[in-house]
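Undergrad: I'd like to ask some things about the structure below.
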Amino acid sequence: MVHKACLELGLAPNQVTLIGDTNSDMQMGKSAGVAATPILAIYIDVCFIWLQFYPA
């Protein structure tokens, strides 16, 4: 999946960063040769809840 995205974007794997929230995301990034940055999924939930109470 990472290699296909790089091909579509015209970038080499060493030019991108994969951001994910699961161990499999990190494994995918490592096997593809890209930098991988973990995030906490709870952040997404907090943003969603915030937007429910304070819509843009």
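Naming scheme: A, B, ... for chains in displayed order of the structure tokens; residues 1 onward per chain; ligands 1 onward as shown.
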Taking 3 positions as the minimum chain separation for residues in the same chain, which residues sit within 9 Å of range 19-23 of chain A when counting only C-alpha atoms? Answer as a compact mmCIF listing (two decimals) with all heavy atoms, in the first residue's frame.

TA:
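Output contents, as saved in part08.txt:
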# COMPACT_ATOMS: atom_id res chain seq x y z
N MET A 26 2.95 0.51 11.93
CA MET A 26 4.39 0.69 12.12
C MET A 26 5.18 -0.38 11.38
O MET A 26 6.21 -0.10 10.77
CB MET A 26 4.75 0.67 13.61
CG MET A 26 4.09 1.76 14.45
SD MET A 26 4.44 3.43 13.88
CE MET A 26 2.90 3.87 13.11
N GLN A 27 4.68 -1.61 11.40
CA GLN A 27 5.34 -2.70 10.67
C GLN A 27 5.31 -2.45 9.17
O GLN A 27 6.30 -2.70 8.47
CB GLN A 27 4.68 -4.04 11.01
CG GLN A 27 4.94 -4.49 12.41
CD GLN A 27 4.17 -5.75 12.77
OE1 GLN A 27 3.31 -6.21 12.02
NE2 GLN A 27 4.47 -6.30 13.94
N MET A 28 4.19 -1.95 8.67
CA MET A 28 4.06 -1.65 7.24
C MET A 28 5.07 -0.57 6.84
O MET A 28 5.74 -0.69 5.83
CB MET A 28 2.64 -1.19 6.91
CG MET A 28 2.46 -0.81 5.45
SD MET A 28 0.75 -0.40 4.98
CE MET A 28 0.34 0.90 6.12
N GLY A 29 5.17 0.48 7.64
CA GLY A 29 6.13 1.54 7.35
C GLY A 29 7.56 1.05 7.35
O GLY A 29 8.35 1.38 6.47
N ALA A 35 9.71 6.44 7.04
CA ALA A 35 9.67 6.83 8.44
C ALA A 35 8.25 6.59 8.93
O ALA A 35 7.29 6.89 8.23
CB ALA A 35 10.06 8.29 8.60
N ALA A 36 8.10 6.05 10.12
CA ALA A 36 6.77 5.77 10.67
C ALA A 36 6.62 6.47 12.01
O ALA A 36 7.50 6.39 12.86
CB ALA A 36 6.56 4.27 10.84
N THR A 37 5.52 7.18 12.18
CA THR A 37 5.26 7.94 13.39
C THR A 37 3.96 7.45 14.02
O THR A 37 2.91 7.54 13.39
CB THR A 37 5.15 9.44 13.08
OG1 THR A 37 6.34 9.86 12.44
CG2 THR A 37 4.92 10.24 14.34
N PRO A 38 4.02 6.95 15.25
CA PRO A 38 2.78 6.52 15.90
C PRO A 38 2.00 7.69 16.47
O PRO A 38 2.58 8.68 16.91
CB PRO A 38 3.27 5.60 17.02
CG PRO A 38 4.64 6.09 17.34
CD PRO A 38 5.20 6.64 16.05
N ILE A 39 0.70 7.60 16.41
CA ILE A 39 -0.18 8.58 17.06
C ILE A 39 -1.16 7.81 17.93
O ILE A 39 -1.38 6.62 17.73
CB ILE A 39 -0.95 9.47 16.07
CG1 ILE A 39 -1.86 8.62 15.17
CG2 ILE A 39 -0.03 10.31 15.24
CD1 ILE A 39 -2.89 9.41 14.42
N LEU A 40 -1.78 8.48 18.84
CA LEU A 40 -2.79 7.83 19.67
C LEU A 40 -4.16 8.00 19.03
O LEU A 40 -4.55 9.11 18.68
CB LEU A 40 -2.80 8.45 21.08
CG LEU A 40 -1.54 8.24 21.89
CD1 LEU A 40 -1.63 8.99 23.21
CD2 LEU A 40 -1.29 6.76 22.14
N ALA A 41 -4.89 6.91 18.91
CA ALA A 41 -6.22 6.96 18.30
C ALA A 41 -7.16 7.80 19.14
O ALA A 41 -8.11 8.37 18.62
CB ALA A 41 -6.76 5.56 18.13

Undergrad: What is the distance between CA of Lys4 in chain A and CA of Leu18 in chain A, in Å to one decimal?

TA: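 That distance, rounded to one decimal, is 13.0 Å.
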
Undergrad: Could you work out how far CA of Asp25 in chain A lies from CA of Cys6 in chain A, giving the answer in Å with one decimal?

TA: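 Distance between the two atoms: 15.7 Å.
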
Undergrad: Give me the residues within 12 Å of Ala12 in chain A as a PDB file with N, CA and C atoms, in the first residue's frame, counting only C-alpha atoms and dropping any in the same chain fewer than 4 places off.

TA:
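What follows is the written file out.pdb:
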ATOM      1  N   VAL A   2       1.934   1.241   0.788  1.00  0.00           N
ATOM      2  CA  VAL A   2       2.832   2.401   0.845  1.00  0.00           C
ATOM      3  C   VAL A   2       3.518   2.605  -0.495  1.00  0.00           C
ATOM      4  N   HIS A   3       3.985   1.533  -1.090  1.00  0.00           N
ATOM      5  CA  HIS A   3       4.684   1.660  -2.373  1.00  0.00           C
ATOM      6  C   HIS A   3       3.742   2.169  -3.462  1.00  0.00           C
ATOM      7  N   LYS A   4       2.482   1.727  -3.437  1.00  0.00           N
ATOM      8  CA  LYS A   4       1.506   2.211  -4.420  1.00  0.00           C
ATOM      9  C   LYS A   4       1.254   3.705  -4.221  1.00  0.00           C
ATOM     10  N   ALA A   5       1.118   4.138  -2.972  1.00  0.00           N
ATOM     11  CA  ALA A   5       0.906   5.561  -2.697  1.00  0.00           C
ATOM     12  C   ALA A   5       2.101   6.382  -3.163  1.00  0.00           C
ATOM     13  N   CYS A   6       3.307   5.889  -2.909  1.00  0.00           N
ATOM     14  CA  CYS A   6       4.514   6.597  -3.351  1.00  0.00           C
ATOM     15  C   CYS A   6       4.549   6.701  -4.871  1.00  0.00           C
ATOM     16  N   LEU A   7       4.197   5.630  -5.541  1.00  0.00           N
ATOM     17  CA  LEU A   7       4.179   5.635  -7.003  1.00  0.00           C
ATOM     18  C   LEU A   7       3.176   6.661  -7.525  1.00  0.00           C
ATOM     19  N   GLU A   8       1.987   6.684  -6.915  1.00  0.00           N
ATOM     20  CA  GLU A   8       0.947   7.644  -7.321  1.00  0.00           C
ATOM     21  C   GLU A   8       1.397   9.093  -7.103  1.00  0.00           C
ATOM     22  N   VAL A  16       8.818  10.071   2.400  1.00  0.00           N
ATOM     23  CA  VAL A  16       7.508  10.178   3.033  1.00  0.00           C
ATOM     24  C   VAL A  16       7.544   9.671   4.466  1.00  0.00           C
ATOM     25  N   THR A  17       6.515  10.029   5.208  1.00  0.00           N
ATOM     26  CA  THR A  17       6.328   9.535   6.567  1.00  0.00           C
ATOM     27  C   THR A  17       4.949   8.921   6.676  1.00  0.00           C
ATOM     28  N   ALA A  32       8.300  -1.072   4.330  1.00  0.00           N
ATOM     29  CA  ALA A  32       8.313  -0.275   3.096  1.00  0.00           C
ATOM     30  C   ALA A  32       9.508   0.672   3.030  1.00  0.00           C
ATOM     31  N   GLY A  33      10.205   0.840   4.153  1.00  0.00           N
ATOM     32  CA  GLY A  33      11.371   1.718   4.160  1.00  0.00           C
ATOM     33  C   GLY A  33      11.036   3.186   4.342  1.00  0.00           C
ATOM     34  N   VAL A  34       9.883   3.464   4.971  1.00  0.00           N
ATOM     35  CA  VAL A  34       9.509   4.857   5.217  1.00  0.00           C
ATOM     36  C   VAL A  34       9.634   5.153   6.708  1.00  0.00           C
ATOM     37  N   ALA A  35       9.712   6.436   7.041  1.00  0.00           N
ATOM     38  CA  ALA A  35       9.672   6.825   8.443  1.00  0.00           C
ATOM     39  C   ALA A  35       8.248   6.591   8.928  1.00  0.00           C
TER      40      ALA A  35
END
